[in-house]
$ cat coords32.txt   # compact mmCIF, C-alpha atoms
# COMPACT_ATOMS: atom_id res chain seq x y z
CA MET U 1 74.53 147.62 97.76
CA THR U 2 78.20 148.03 96.91
CA ASP U 3 80.12 145.49 94.85
CA LYS U 4 82.01 144.44 97.96
CA ARG U 5 78.81 143.74 99.89
CA ILE U 6 77.42 141.74 96.99
CA LEU U 7 80.63 139.72 96.91
CA VAL U 8 80.52 138.99 100.62
CA THR U 9 76.83 138.03 100.41
CA VAL U 10 77.58 135.57 97.61
CA PHE U 11 80.42 134.12 99.64
CA LEU U 12 78.14 133.71 102.65
CA LEU U 13 75.57 131.84 100.55
CA LEU U 14 78.21 129.55 99.10
CA MET U 15 80.16 128.99 102.28
CA PRO U 16 78.43 125.90 103.70
CA SER U 17 79.29 123.93 100.55
CA VAL U 18 82.85 125.30 100.56
CA ILE U 19 83.39 124.24 104.17
CA GLN U 20 81.79 120.87 103.49
CA ALA U 21 84.05 120.33 100.48
CA GLN U 22 87.16 121.05 102.51
CA SER U 23 86.47 118.77 105.45
CA LEU U 24 86.15 115.15 106.36
CA ALA U 25 84.94 113.79 109.66
CA VAL U 26 83.99 110.61 111.45
CA THR U 27 81.41 110.86 114.20
CA ASN U 28 81.07 108.07 116.69
CA LEU U 29 77.29 107.98 117.16
CA SER U 30 77.25 105.09 119.65
CA GLN U 31 79.78 102.82 121.30
CA LEU U 32 80.04 99.06 120.99
CA SER U 33 78.59 98.04 124.33
CA PHE U 34 78.34 94.49 125.63
CA GLY U 35 76.45 95.73 128.66
CA GLU U 36 76.45 94.31 132.18
CA GLU U 37 74.92 90.90 131.44
CA ILE U 38 78.20 89.18 130.79
CA PHE U 39 78.71 85.78 132.31
CA PRO U 40 82.10 84.16 133.03
CA GLY U 41 82.84 81.32 130.63
CA SER U 42 80.22 82.39 128.06
CA SER U 43 81.15 84.36 124.99
CA LYS U 44 78.87 87.23 124.03
CA SER U 45 78.39 88.59 120.52
CA ILE U 46 76.88 91.82 119.27
CA SER U 47 76.08 91.79 115.55
CA ARG U 48 76.30 94.78 113.25
CA THR U 49 72.51 94.99 113.11
CA GLU U 50 71.96 95.30 116.87
CA ALA U 51 71.38 98.56 118.68
CA ALA U 52 74.35 97.84 120.95
CA SER U 53 76.77 97.85 118.00
CA ALA U 54 79.07 100.81 117.46
CA SER U 55 77.78 103.26 114.88
CA PHE U 56 79.60 105.97 112.97
CA GLU U 57 78.80 108.68 110.50
CA VAL U 58 81.38 109.68 107.91
CA SER U 59 80.76 113.18 106.51
CA GLY U 60 82.55 114.78 103.63
CA GLU U 61 82.28 115.85 100.04
CA ALA U 62 79.45 114.24 98.07
CA GLY U 63 80.51 111.61 95.58
CA ARG U 64 84.10 111.33 96.75
CA GLU U 65 85.70 108.00 97.42
CA VAL U 66 86.87 107.31 100.96
CA HIS U 67 89.11 104.67 102.47
CA ILE U 68 88.21 103.63 106.01
CA THR U 69 90.26 101.26 108.14
CA PHE U 70 90.01 100.17 111.74
CA GLU U 71 92.71 99.39 114.25
CA LEU U 72 90.96 96.74 116.30
CA PRO U 73 91.89 95.65 119.81
CA GLN U 74 92.46 92.00 120.68
CA GLU U 75 91.60 92.45 124.32
CA LEU U 76 89.77 94.72 126.73
CA ILE U 77 91.39 95.84 129.93
CA THR U 78 90.34 97.20 133.34
CA GLN U 79 92.06 99.84 135.43
CA ASP U 80 93.48 96.94 137.46
CA SER U 81 95.00 95.43 134.29
CA GLU U 82 92.56 92.51 134.12
CA VAL U 83 92.10 91.49 130.49
CA MET U 84 89.37 89.88 128.39
CA ASP U 85 89.67 88.72 124.78
CA ILE U 86 87.65 90.27 121.96
CA SER U 87 87.41 89.37 118.26
CA PHE U 88 85.76 90.70 115.13
CA SER U 89 84.39 88.46 112.40
CA THR U 90 84.52 89.09 108.65
CA THR U 91 80.87 90.22 108.71
CA ASN U 92 80.97 92.35 111.86
CA GLY U 93 81.16 95.56 109.82
CA GLY U 94 78.21 97.08 107.96
CA TYR U 95 77.69 100.22 105.87
CA HIS U 96 74.85 102.07 104.19
CA SER U 97 74.19 105.58 102.91
CA LEU U 98 71.12 105.90 105.17
CA GLN U 99 71.21 105.87 108.97
CA THR U 100 67.82 104.15 109.09
CA GLU U 101 69.05 101.14 107.12
CA GLN U 102 71.16 99.42 109.77
CA ALA U 103 69.27 96.16 109.25
CA ASN U 104 70.04 96.25 105.51
CA ALA U 105 73.65 97.42 105.76
CA THR U 106 76.16 95.79 103.43
CA ALA U 107 78.61 93.62 105.35
CA PHE U 108 82.35 94.22 105.32
CA ASP U 109 85.31 92.79 107.18
CA PRO U 110 86.45 95.44 109.69
CA ALA U 111 89.96 93.96 109.65
CA ASN U 112 90.20 94.76 105.91
CA GLY U 113 88.47 98.12 106.00
CA LEU U 114 86.27 99.65 103.37
CA ILE U 115 86.63 101.59 100.13
CA THR U 116 83.40 103.25 99.06
CA THR U 117 81.88 106.49 97.79
CA LEU U 118 80.05 109.09 99.87
CA ASP U 119 76.46 109.58 98.73
CA SER U 120 74.92 112.74 97.29
CA ASP U 121 74.67 114.22 100.82
CA GLY U 122 78.31 113.38 101.52
CA SER U 123 77.26 110.86 104.19
CA LEU U 124 78.04 107.27 105.00
CA TYR U 125 76.96 105.23 108.02
CA LEU U 126 78.94 102.36 109.51
CA TRP U 127 78.13 99.77 112.17
CA LEU U 128 80.48 97.48 114.00
CA GLY U 129 79.82 94.43 116.14
CA GLY U 130 82.16 91.99 117.89
CA THR U 131 82.49 89.08 120.31
CA ILE U 132 83.99 88.98 123.79
CA TYR U 133 85.25 85.87 125.58
CA PRO U 134 85.04 86.15 129.37
CA ALA U 135 87.09 83.47 131.09
CA ARG U 136 85.50 81.18 133.68
CA ASN U 137 87.35 83.06 136.39
CA GLN U 138 86.96 86.49 134.77
CA ALA U 139 87.32 89.20 137.39
CA GLY U 140 84.43 91.63 137.71
CA GLY U 141 84.89 95.22 136.59
CA TYR U 142 84.66 97.65 133.72
CA TYR U 143 86.57 96.48 130.66
CA SER U 144 87.34 98.88 127.86
CA ALA U 145 89.56 99.40 124.84
CA ASP U 146 90.00 101.82 121.99
CA ILE U 147 89.12 101.32 118.35
CA THR U 148 90.86 103.71 115.97
CA ALA U 149 88.87 104.58 112.87
CA ASN U 150 91.10 105.94 110.09
CA VAL U 151 89.43 107.86 107.32
CA SER U 152 90.91 109.50 104.24
CA TYR U 153 89.92 110.44 100.74
CA THR U 154 91.57 108.34 98.03
CA THR U 155 92.55 111.54 96.18
CA ASN U 156 93.86 114.93 97.34
CA MET J 1 95.58 147.10 98.86
CA THR J 2 94.06 146.24 95.48
CA SER J 3 90.38 145.53 94.94
CA PHE J 4 91.22 141.89 94.31
CA SER J 5 93.19 141.64 97.54
CA LYS J 6 90.31 143.17 99.45
CA SER J 7 87.90 140.66 97.93
CA LEU J 8 90.25 137.84 98.78
CA ASN J 9 90.56 139.06 102.35
CA SER J 10 86.78 139.20 102.59
CA LEU J 11 86.58 135.62 101.37
CA LEU J 12 89.18 134.40 103.83
CA PHE J 13 87.46 136.20 106.68
CA VAL J 14 84.09 134.73 105.78
CA VAL J 15 85.58 131.24 105.45
CA PHE J 16 87.19 131.55 108.85
CA PHE J 17 84.12 133.11 110.47
CA SER J 18 81.85 130.45 109.00
CA PHE J 19 84.14 127.82 110.42
CA LEU J 20 83.93 129.49 113.83
CA LEU J 21 80.17 129.52 113.63
CA GLY J 22 80.24 125.85 112.84
CA LEU J 23 78.08 125.84 109.74
CA ASP J 24 77.29 122.26 108.74
CA CYS J 25 79.17 120.90 111.72
CA TYR J 26 79.71 117.16 111.84
CA GLY J 27 81.74 114.86 113.97
CA GLN J 28 83.33 115.05 117.35
CA ALA J 29 85.94 117.16 115.62
CA LYS J 30 85.93 118.90 112.30
CA ILE J 31 89.17 119.36 110.46
CA ALA J 32 89.81 121.64 107.50
CA PRO J 33 91.36 121.82 105.03
CA ILE J 34 92.21 118.20 104.27
CA ALA J 35 94.78 118.87 101.54
CA LEU J 36 97.85 121.03 102.23
CA TYR J 37 100.23 122.42 99.61
CA MET J 38 103.57 124.05 100.44
CA ASN J 39 106.51 125.25 98.42
CA ASP J 40 109.79 127.16 98.66
CA ASN J 41 107.95 130.48 98.82
CA ASP J 42 105.39 129.39 101.38
CA GLN J 43 106.90 126.92 103.81
CA THR J 44 104.03 126.95 106.28
CA ALA J 45 100.53 125.56 106.26
CA ARG J 46 97.80 125.36 108.82
CA ILE J 47 94.68 123.44 109.65
CA VAL J 48 91.92 124.22 112.10
CA VAL J 49 90.55 121.51 114.38
CA ARG J 50 87.19 122.39 115.82
CA ASN J 51 85.70 120.35 118.64
CA THR J 52 82.02 119.85 117.85
CA ALA J 53 81.52 117.27 120.62
CA ASP J 54 79.75 117.98 123.88
CA GLN J 55 82.88 117.30 125.90
CA PRO J 56 86.61 118.07 125.65
CA VAL J 57 88.68 116.14 123.13
CA GLU J 58 92.34 115.16 123.13
CA VAL J 59 94.01 115.71 119.77
CA ASN J 60 97.29 114.20 118.57
CA ILE J 61 98.93 114.94 115.24
CA ASP J 62 101.39 112.46 113.73
CA LEU J 63 103.10 112.54 110.38
CA LEU J 64 102.66 109.32 108.43
CA TYR J 65 103.83 108.56 104.94
CA GLY J 66 101.51 107.25 102.24
CA TYR J 67 99.88 107.64 98.88
CA PRO J 68 96.91 106.22 96.93
CA ALA J 69 97.67 102.78 95.52
CA THR J 70 95.55 99.99 94.06
CA ASN J 71 94.65 96.60 95.52
CA SER J 72 94.24 93.27 93.70
CA GLU J 73 90.65 94.17 92.79
CA GLY J 74 91.74 97.38 91.07
CA LYS J 75 90.34 99.62 93.81
CA VAL J 76 92.17 102.60 95.25
CA PHE J 77 93.22 102.66 98.89
CA LEU J 78 95.56 104.80 100.92
CA LYS J 79 98.79 102.88 101.37
CA LYS J 80 100.22 104.01 104.70
CA PHE J 81 103.66 103.63 106.22
CA LYS J 82 104.85 104.67 109.67
CA GLU J 83 108.20 105.37 108.07
CA ALA J 84 108.74 106.03 104.39
CA PRO J 85 110.51 103.23 102.47
CA ALA J 86 113.96 104.12 101.11
CA GLY J 87 113.84 106.15 97.92
CA GLU J 88 110.38 107.56 98.54
CA PRO J 89 109.99 111.37 98.34
CA SER J 90 109.14 111.78 102.00
CA ALA J 91 108.91 115.17 103.71
CA ASN J 92 108.37 113.61 107.14
CA SER J 93 111.86 114.24 108.51
CA TRP J 94 111.82 117.98 107.83
CA VAL J 95 108.21 119.00 108.38
CA ARG J 96 107.41 120.06 111.93
CA THR J 97 103.98 120.22 113.60
CA TYR J 98 103.03 122.83 116.22
CA PRO J 99 101.51 121.75 118.56
CA ARG J 100 101.45 117.96 118.31
CA HIS J 101 99.28 117.30 121.36
CA ILE J 102 96.40 119.46 122.54
CA THR J 103 93.19 119.34 124.48
CA ILE J 104 90.31 121.31 122.99
CA PRO J 105 87.33 122.25 125.18
CA GLU J 106 83.85 121.70 123.78
CA ASN J 107 82.83 124.07 120.97
CA GLU J 108 86.31 125.55 120.72
CA GLN J 109 88.96 125.23 118.08
CA GLN J 110 92.70 125.18 117.68
CA THR J 111 94.98 126.03 114.79
CA ILE J 112 97.73 123.52 114.01
CA ARG J 113 100.71 124.78 112.00
CA PHE J 114 103.07 122.86 109.78
CA ALA J 115 106.49 124.30 108.99
CA ALA J 116 108.84 122.87 106.36
CA ARG J 117 112.62 123.14 106.68
CA PRO J 118 113.87 121.16 103.68
CA PRO J 119 117.60 120.38 103.44
CA ALA J 120 119.56 122.82 101.29
CA GLN J 121 120.61 120.26 98.68
CA LEU J 122 117.17 118.72 98.23
CA PRO J 123 116.63 117.92 94.51
CA ASP J 124 113.73 119.56 92.70
CA GLY J 125 110.48 117.66 93.00
CA GLU J 126 107.44 117.08 95.12
CA TYR J 127 107.73 115.61 98.62
CA TRP J 128 104.87 114.01 100.54
CA ALA J 129 103.62 113.50 104.07
CA ARG J 130 100.31 112.43 105.58
CA PRO J 131 99.34 114.34 108.73
CA ALA J 132 97.12 112.06 110.83
CA VAL J 133 94.86 113.91 113.26
CA SER J 134 93.61 111.64 116.05
CA VAL J 135 90.72 112.86 118.17
CA ARG J 136 89.55 111.16 121.34
CA LYS J 137 86.80 112.27 123.69
CA ILE J 138 87.91 112.83 127.27
CA GLY J 139 86.01 111.80 130.38
CA LYS J 140 82.33 111.02 130.82
CA ARG J 141 83.07 107.31 131.10
CA THR J 142 80.13 105.95 133.01
CA ILE J 143 80.94 103.05 135.28
CA SER J 144 77.89 101.49 136.77
CA ASP J 145 77.79 100.95 140.47
CA ASN J 146 78.04 97.18 140.36
CA GLY J 147 80.31 96.73 143.33
CA ASN J 148 82.93 95.44 140.92
CA GLN J 149 81.16 92.06 140.87
CA ASN J 150 79.72 92.22 137.36
CA VAL J 151 81.62 92.33 134.10
CA GLU J 152 80.91 95.34 131.90
CA ALA J 153 82.55 95.98 128.53
CA LYS J 154 82.65 98.90 126.10
CA LEU J 155 84.86 100.17 123.30
CA GLN J 156 85.66 103.80 122.66
CA VAL J 157 86.40 105.07 119.19
CA ILE J 158 89.33 107.29 118.27
CA GLN J 159 88.66 109.26 115.12
CA ARG J 160 91.75 109.58 112.93
CA THR J 161 91.54 111.73 109.82
CA ILE J 162 94.42 111.41 107.41
CA LEU J 163 95.26 114.51 105.39
CA SER J 164 97.60 115.05 102.45
CA LEU J 165 100.63 117.35 102.46
CA ASN J 166 102.54 118.04 99.24
CA TYR J 167 105.70 120.16 99.34
CA ARG J 168 107.06 121.41 96.00
CA LYS J 169 110.71 122.26 95.61
CA GLY J 170 111.98 124.09 92.53
CA ASN J 171 110.90 122.91 89.10
CA VAL J 172 107.97 120.51 89.42
CA ARG J 173 106.00 118.94 86.61
CA THR J 174 103.52 116.12 86.29
CA GLY J 175 101.83 113.96 83.70
CA VAL J 176 100.36 110.53 83.27
CA GLU J 177 100.62 107.68 80.78
CA ILE J 178 97.84 105.17 80.10
CA ASN J 179 98.90 101.58 79.41
CA ASN J 180 97.20 98.23 78.81
CA LEU J 181 93.68 99.61 78.40
CA SER J 182 91.15 96.83 77.98
CA SER J 183 87.43 96.41 78.33
CA ARG J 184 84.91 93.58 78.53
CA TYR J 185 81.17 93.31 78.96
CA ASN J 186 79.52 90.78 81.22
CA ASN J 187 76.04 90.57 82.68
CA ASN J 188 75.02 94.23 82.21
CA THR J 189 78.34 95.52 83.52
CA LEU J 190 81.17 97.08 81.58
CA TYR J 191 84.59 96.31 83.05
CA VAL J 192 87.38 98.70 82.08
CA ASN J 193 90.97 97.96 83.11
CA ALA J 194 93.88 100.35 82.75
CA GLU J 195 97.30 101.04 84.13
CA MET J 196 98.27 104.62 84.84
CA GLN J 197 101.90 105.57 85.26
CA ARG J 198 102.77 108.99 86.61
CA LYS J 199 105.35 111.04 84.70
CA GLY J 200 107.46 113.94 85.95
CA ASN J 201 108.34 114.56 89.59
CA ALA J 202 105.00 115.43 91.19
CA ALA J 203 101.69 113.67 91.84
CA TYR J 204 99.12 113.80 89.05
CA LEU J 205 95.86 115.22 90.42
CA GLY J 206 93.08 115.37 87.89
CA HIS J 207 89.91 113.84 86.54
CA LEU J 208 89.39 110.55 84.80
CA ASN J 209 86.69 110.12 82.14
CA ILE J 210 85.40 106.91 80.61
CA SER J 211 82.97 107.25 77.69
CA LEU J 212 81.20 104.50 75.83
CA ILE J 213 80.58 105.52 72.21
CA ASP J 214 78.31 103.60 69.84
CA ALA J 215 78.84 103.01 66.08
CA SER J 216 77.04 106.27 65.19
CA GLY J 217 79.30 108.31 67.47
CA ASP J 218 76.75 108.87 70.26
CA GLN J 219 77.93 108.74 73.85
CA LYS J 220 75.89 106.07 75.63
CA LYS J 221 77.59 105.97 79.02
CA HIS J 222 79.92 108.29 80.87
CA HIS J 223 81.86 107.91 84.08
CA ARG J 224 83.91 110.70 85.68
CA GLU J 225 85.85 110.78 88.92
CA GLU J 226 88.75 112.53 90.61
CA ILE J 227 92.03 110.72 90.45
CA ALA J 228 95.40 111.03 92.16
CA VAL J 229 98.30 109.08 90.65
CA TYR J 230 101.33 109.32 92.92
CA HIS J 231 103.30 106.42 91.41
CA GLN J 232 101.18 104.03 89.37
CA GLN J 233 97.72 102.53 89.54
CA HIS J 234 96.21 99.35 88.10
CA ARG J 235 92.53 100.17 88.12
CA GLN J 236 89.38 98.27 87.32
CA PHE J 237 86.19 100.24 86.79
CA GLU J 238 82.73 98.68 86.80
CA ILE J 239 80.15 100.68 84.90
CA ASP J 240 76.46 99.85 84.90
CA ALA J 241 75.63 99.07 81.26
CA LYS J 242 71.97 98.06 81.58
CA GLY J 243 69.90 98.84 78.52
CA LEU J 244 72.74 98.96 76.02
CA ALA J 245 71.81 97.63 72.58
CA PRO J 246 73.96 94.73 71.38
CA GLY J 247 76.83 95.83 69.18
CA ARG J 248 80.37 97.09 69.08
CA TYR J 249 81.31 100.16 71.14
CA GLN J 250 84.39 102.30 71.55
CA VAL J 251 85.67 102.94 75.08
CA GLU J 252 87.39 106.32 75.44
CA PHE J 253 89.61 106.58 78.52
CA SER J 254 91.01 110.05 79.22
CA LEU J 255 92.63 112.06 82.00
CA ASP J 256 92.88 115.82 82.41
CA THR J 257 93.72 118.41 85.05
CA ARG J 258 91.80 121.38 83.59
CA GLU J 259 88.83 121.51 85.95
CA ARG J 260 90.75 120.77 89.12
CA HIS J 261 93.38 123.39 88.25
CA ARG J 262 90.64 125.92 87.53
CA GLU J 263 89.06 125.24 90.95
CA ASN J 264 92.36 125.20 92.83
CA SER J 265 95.55 126.73 91.47
CA ASP J 266 97.58 124.39 93.73
CA ILE J 267 96.68 121.56 91.34
CA LEU J 268 99.45 121.27 88.75
CA ARG J 269 98.47 121.47 85.10
CA ALA J 270 99.38 118.62 82.76
CA ARG J 271 98.78 117.60 79.18
CA SER J 272 95.50 115.70 78.67
CA VAL J 273 95.85 112.09 77.59
CA LYS J 274 93.40 109.70 75.94
CA LYS J 275 93.37 106.08 74.78
CA THR J 276 90.64 103.96 73.25
CA ALA J 277 89.61 100.32 73.26
CA THR J 278 86.65 98.43 71.83
CA VAL J 279 84.08 96.24 73.51
CA THR J 280 81.24 94.11 72.21
CA VAL J 281 77.91 94.06 74.02
CA LYS J 282 75.95 90.86 73.46
$ encode --input "coords32.txt" --output "structure tokens"
Amino acid sequence: MTDKRILVTVFLLLMPSVIQAQSLAVTNLSQLSFGEEIFPGSSKSISRTEAASASFEVSGEAGREVHITFELPQELITQDSEVMDISFSTTNGGYHSLQTEQANATAFDPANGLITTLDSDGSLYLWLGGTIYPARNQAGGYYSADITANVSYTTN
Amino acid sequence: MTSFSKSLNSLLFVVFFSFLLGLDCYGQAKIAPIALYMNDNDQTARIVVRNTADQPVEVNIDLLYGYPATNSEGKVFLKKFKEAPAGEPSANSWVRTYPRHITIPENEQQTIRFAARPPAQLPDGEYWARPAVSVRKIGKRTISDNGNQNVEAKLQVIQRTILSLNYRKGNVRTGVEINNLSSRYNNNTLYVNAEMQRKGNAAYLGHLNISLIDASGDQKKHHREEIAVYHQQHRQFEIDAKGLAPGRYQVEFSLDTRERHRENSDILRARSVKKTATVTVK
């Protein structure tokens, strides 16, 4: 094998860790869904430990500190511009290094965001719940809104 | 072409090809690299956004301004501004993004370029911007056939990854000064507080080390992390000190750029600094 081929082979072996080190991503694994059983005049809450909560995976370089913030909506809206209020409590956010530990996730306030360190696999899992407030005369329809999840390393 | 250049080209090709193949793919979009460095001799930079979702994504790139700062608990967070405050070394007004809005089909990728056109009379120094890459899935919204009688509610998540962009003009230098180092021990935890003030005209990007040394000179605890001081930081570190024998210890607090510069020549070198404090474990 020539020197050049050896070099390229070494690069190929190292490349997954190089790519991993250079990137940062948030995956939305599931959406926060309040479902169809929503009754006018009755608020409905989804906690961070429920399956219907939103879940995210943050992937990046192992051991690096990340800062995650959320831009949270105050209302949901239909295509016909009907609106419904939504709120997020100080314990509606949860995080853990293991995806299987949703029930044991550490609580955080989604309005304040989160500063934490990625684990040895470079992973972090987040869950987000919330509460909606349908009015007594809430019009039927599909209500939706966007949540923006900002993620950055705290160093270059 | 020299042997070194050929090797470098091979590396770049493999990096790019690996990215195309999607090794270790995560997220609805994968963005790399996350730190961009530009200067007078190389006024362009690029990132690649790869859609790893199973549907098209809409991508928007905005330039924010920001830098790592510390909160009241001594933790680092990214302080963001839509517009840079007066006096800040912002590159936002003269860095252009091409394109700023795109749609990427599933399993495809797009290169985004950044071009700097700094004003002619710009003083020497480092100028900062924070490209924010927002990715939103398109379509596939399932609306149940409820005859519009029922209420159904869902939230969709927009992923926004915030990168760093540092542009260096002319003579740039960096350094850091450690002030007000103090340490205390409480309930099996060592608390170390320090202020770090950046020197020079560029961000200090290095490593921070905290060592706990006993009376015989043995290192009993060590903490190391990457650090970026853009202006100043007031940090508090909490170090697990379970199992430490009672007694008096020296806390060594040091910063250096050696390893990061060795790994990436874009990291500016600076003189290492160290300060010490003492703490008593009861």
$ closest_residue --input "coords32.txt" --among "U:Gly140, U:Val66, U:Thr27, U:Pro73" --to "Ile86 in chain U" --atoms "only C-alpha atoms"
U:Pro73
$ interface_residues --input "coords32.txt" --of "chain U" --to "chain J" --cutoff "6 Å" --atoms "all atoms listed in the file" --output "list of chain:residue names"
U:Gln22, U:Ser23, U:Ala25, U:Val26, U:Thr27, U:Leu32, U:Ser33, U:Phe34, U:Gly35, U:Glu36, U:Ile38, U:His67, U:Gly140, U:Gly141, U:Tyr142, U:Tyr143, U:Ser144, U:Ala145, U:Asp146, U:Ile147, U:Thr148, U:Ala149, U:Asn150, U:Val151, U:Ser152, U:Thr154, U:Thr155, U:Asn156
$ residues_around --input "coords32.txt" --residues "range 210-216 of chain J" --least-positions-apart "2" --cutoff "12 Å" --atoms "all atoms listed in the file" --output "short mmCIF file (atom, residue, chain, number, x, y, z; two decimals) with C-alpha atoms, keeping the file's coordinate frame"
data_model
loop_
_atom_site.label_atom_id
_atom_site.label_comp_id
_atom_site.auth_asym_id
_atom_site.auth_seq_id
_atom_site.Cartn_x
_atom_site.Cartn_y
_atom_site.Cartn_z
CA LEU J 181 93.68 99.61 78.40
CA SER J 182 91.15 96.83 77.98
CA SER J 183 87.43 96.41 78.33
CA ARG J 184 84.91 93.58 78.53
CA TYR J 185 81.17 93.31 78.96
CA LEU J 190 81.17 97.08 81.58
CA TYR J 191 84.59 96.31 83.05
CA VAL J 192 87.38 98.70 82.08
CA ASN J 193 90.97 97.96 83.11
CA ALA J 194 93.88 100.35 82.75
CA HIS J 207 89.91 113.84 86.54
CA LEU J 208 89.39 110.55 84.80
CA ASP J 218 76.75 108.87 70.26
CA GLN J 219 77.93 108.74 73.85
CA LYS J 220 75.89 106.07 75.63
CA LYS J 221 77.59 105.97 79.02
CA HIS J 222 79.92 108.29 80.87
CA HIS J 223 81.86 107.91 84.08
CA ARG J 224 83.91 110.70 85.68
CA GLU J 225 85.85 110.78 88.92
CA GLU J 226 88.75 112.53 90.61
CA GLN J 236 89.38 98.27 87.32
CA PHE J 237 86.19 100.24 86.79
CA GLU J 238 82.73 98.68 86.80
CA ILE J 239 80.15 100.68 84.90
CA ASP J 240 76.46 99.85 84.90
CA ALA J 241 75.63 99.07 81.26
CA LEU J 244 72.74 98.96 76.02
CA ALA J 245 71.81 97.63 72.58
CA PRO J 246 73.96 94.73 71.38
CA GLY J 247 76.83 95.83 69.18
CA ARG J 248 80.37 97.09 69.08
CA TYR J 249 81.31 100.16 71.14
CA GLN J 250 84.39 102.30 71.55
CA VAL J 251 85.67 102.94 75.08
CA GLU J 252 87.39 106.32 75.44
CA PHE J 253 89.61 106.58 78.52
CA SER J 254 91.01 110.05 79.22
CA LEU J 255 92.63 112.06 82.00
CA ASP J 256 92.88 115.82 82.41
CA LYS J 274 93.40 109.70 75.94
CA LYS J 275 93.37 106.08 74.78
CA THR J 276 90.64 103.96 73.25
CA ALA J 277 89.61 100.32 73.26
CA THR J 278 86.65 98.43 71.83
CA VAL J 279 84.08 96.24 73.51
CA THR J 280 81.24 94.11 72.21
CA VAL J 281 77.91 94.06 74.02
#
$ atom_distance --input "coords32.txt" --atom1 "CA of Ala91 in chain J" --atom2 "CA of Arg113 in chain J"
15.1 Å
$ residues_around --input "coords32.txt" --residues "Ala107 in chain U" --least-positions-apart "2" --cutoff "12 Å" --atoms "all atoms listed in the file" --output "list in words"
Ser47, Arg48, Thr49, Ser89, Thr90, Thr91, Asn92, Gly93, Gly94, Tyr95, His96, Gln102, Ala103, Asn104, Ala105, Asp109, Pro110, Asn112, Gly113, Leu114, Leu126, Trp127, Leu128 and Gly129 of chain U
$ residues_around --input "coords32.txt" --residues "His231 in chain J" --least-positions-apart "5" --cutoff "12 Å" --atoms "only C-alpha atoms" --output "short mmCIF file (atom, residue, chain, number, x, y, z; two decimals) with C-alpha atoms, keeping the file's coordinate frame"
data_model
loop_
_atom_site.label_atom_id
_atom_site.label_comp_id
_atom_site.auth_asym_id
_atom_site.auth_seq_id
_atom_site.Cartn_x
_atom_site.Cartn_y
_atom_site.Cartn_z
CA GLY J 66 101.51 107.25 102.24
CA TYR J 67 99.88 107.64 98.88
CA PRO J 68 96.91 106.22 96.93
CA ALA J 69 97.67 102.78 95.52
CA THR J 70 95.55 99.99 94.06
CA LYS J 79 98.79 102.88 101.37
CA GLU J 88 110.38 107.56 98.54
CA PRO J 89 109.99 111.37 98.34
CA TRP J 128 104.87 114.01 100.54
CA THR J 174 103.52 116.12 86.29
CA GLY J 175 101.83 113.96 83.70
CA VAL J 176 100.36 110.53 83.27
CA GLU J 177 100.62 107.68 80.78
CA GLU J 195 97.30 101.04 84.13
CA MET J 196 98.27 104.62 84.84
CA GLN J 197 101.90 105.57 85.26
CA ARG J 198 102.77 108.99 86.61
CA LYS J 199 105.35 111.04 84.70
CA GLY J 200 107.46 113.94 85.95
CA ASN J 201 108.34 114.56 89.59
CA ALA J 202 105.00 115.43 91.19
CA ALA J 203 101.69 113.67 91.84
CA TYR J 204 99.12 113.80 89.05
CA LEU J 205 95.86 115.22 90.42
#
$ closest_residue --input "coords32.txt" --among "U:Leu118, U:Val83, U:Ile132, U:Ala139" --to "Val58 in chain U" --atoms "all atoms listed in the file"
U:Leu118
$ build_atoms --input "coords32.txt" --residues "range 187-193 of chain J" --atoms "N, CA, C and O atoms" --output "PDB file, in the frame of the given file"
ATOM      1  N   ASN J 187      77.203  90.491  81.792  1.00  0.00           N
ATOM      2  CA  ASN J 187      76.040  90.570  82.680  1.00  0.00           C
ATOM      3  C   ASN J 187      75.673  92.013  83.051  1.00  0.00           C
ATOM      4  O   ASN J 187      75.599  92.368  84.229  1.00  0.00           O
ATOM      5  N   ASN J 188      75.456  92.833  82.038  1.00  0.00           N
ATOM      6  CA  ASN J 188      75.020  94.230  82.210  1.00  0.00           C
ATOM      7  C   ASN J 188      76.051  95.134  82.882  1.00  0.00           C
ATOM      8  O   ASN J 188      75.718  96.219  83.382  1.00  0.00           O
ATOM      9  N   THR J 189      77.280  94.682  82.935  1.00  0.00           N
ATOM     10  CA  THR J 189      78.340  95.520  83.520  1.00  0.00           C
ATOM     11  C   THR J 189      79.499  95.626  82.537  1.00  0.00           C
ATOM     12  O   THR J 189      79.889  94.645  81.914  1.00  0.00           O
ATOM     13  N   LEU J 190      79.993  96.846  82.417  1.00  0.00           N
ATOM     14  CA  LEU J 190      81.170  97.080  81.580  1.00  0.00           C
ATOM     15  C   LEU J 190      82.392  97.171  82.500  1.00  0.00           C
ATOM     16  O   LEU J 190      82.423  97.981  83.434  1.00  0.00           O
ATOM     17  N   TYR J 191      83.363  96.318  82.259  1.00  0.00           N
ATOM     18  CA  TYR J 191      84.590  96.310  83.050  1.00  0.00           C
ATOM     19  C   TYR J 191      85.698  96.979  82.220  1.00  0.00           C
ATOM     20  O   TYR J 191      85.949  96.564  81.087  1.00  0.00           O
ATOM     21  N   VAL J 192      86.300  97.993  82.766  1.00  0.00           N
ATOM     22  CA  VAL J 192      87.380  98.700  82.080  1.00  0.00           C
ATOM     23  C   VAL J 192      88.634  98.594  82.955  1.00  0.00           C
ATOM     24  O   VAL J 192      88.604  98.973  84.133  1.00  0.00           O
ATOM     25  N   ASN J 193      89.696  98.075  82.389  1.00  0.00           N
ATOM     26  CA  ASN J 193      90.970  97.960  83.110  1.00  0.00           C
ATOM     27  C   ASN J 193      92.016  98.849  82.461  1.00  0.00           C
ATOM     28  O   ASN J 193      92.087  98.932  81.226  1.00  0.00           O
TER      29      ASN J 193
END
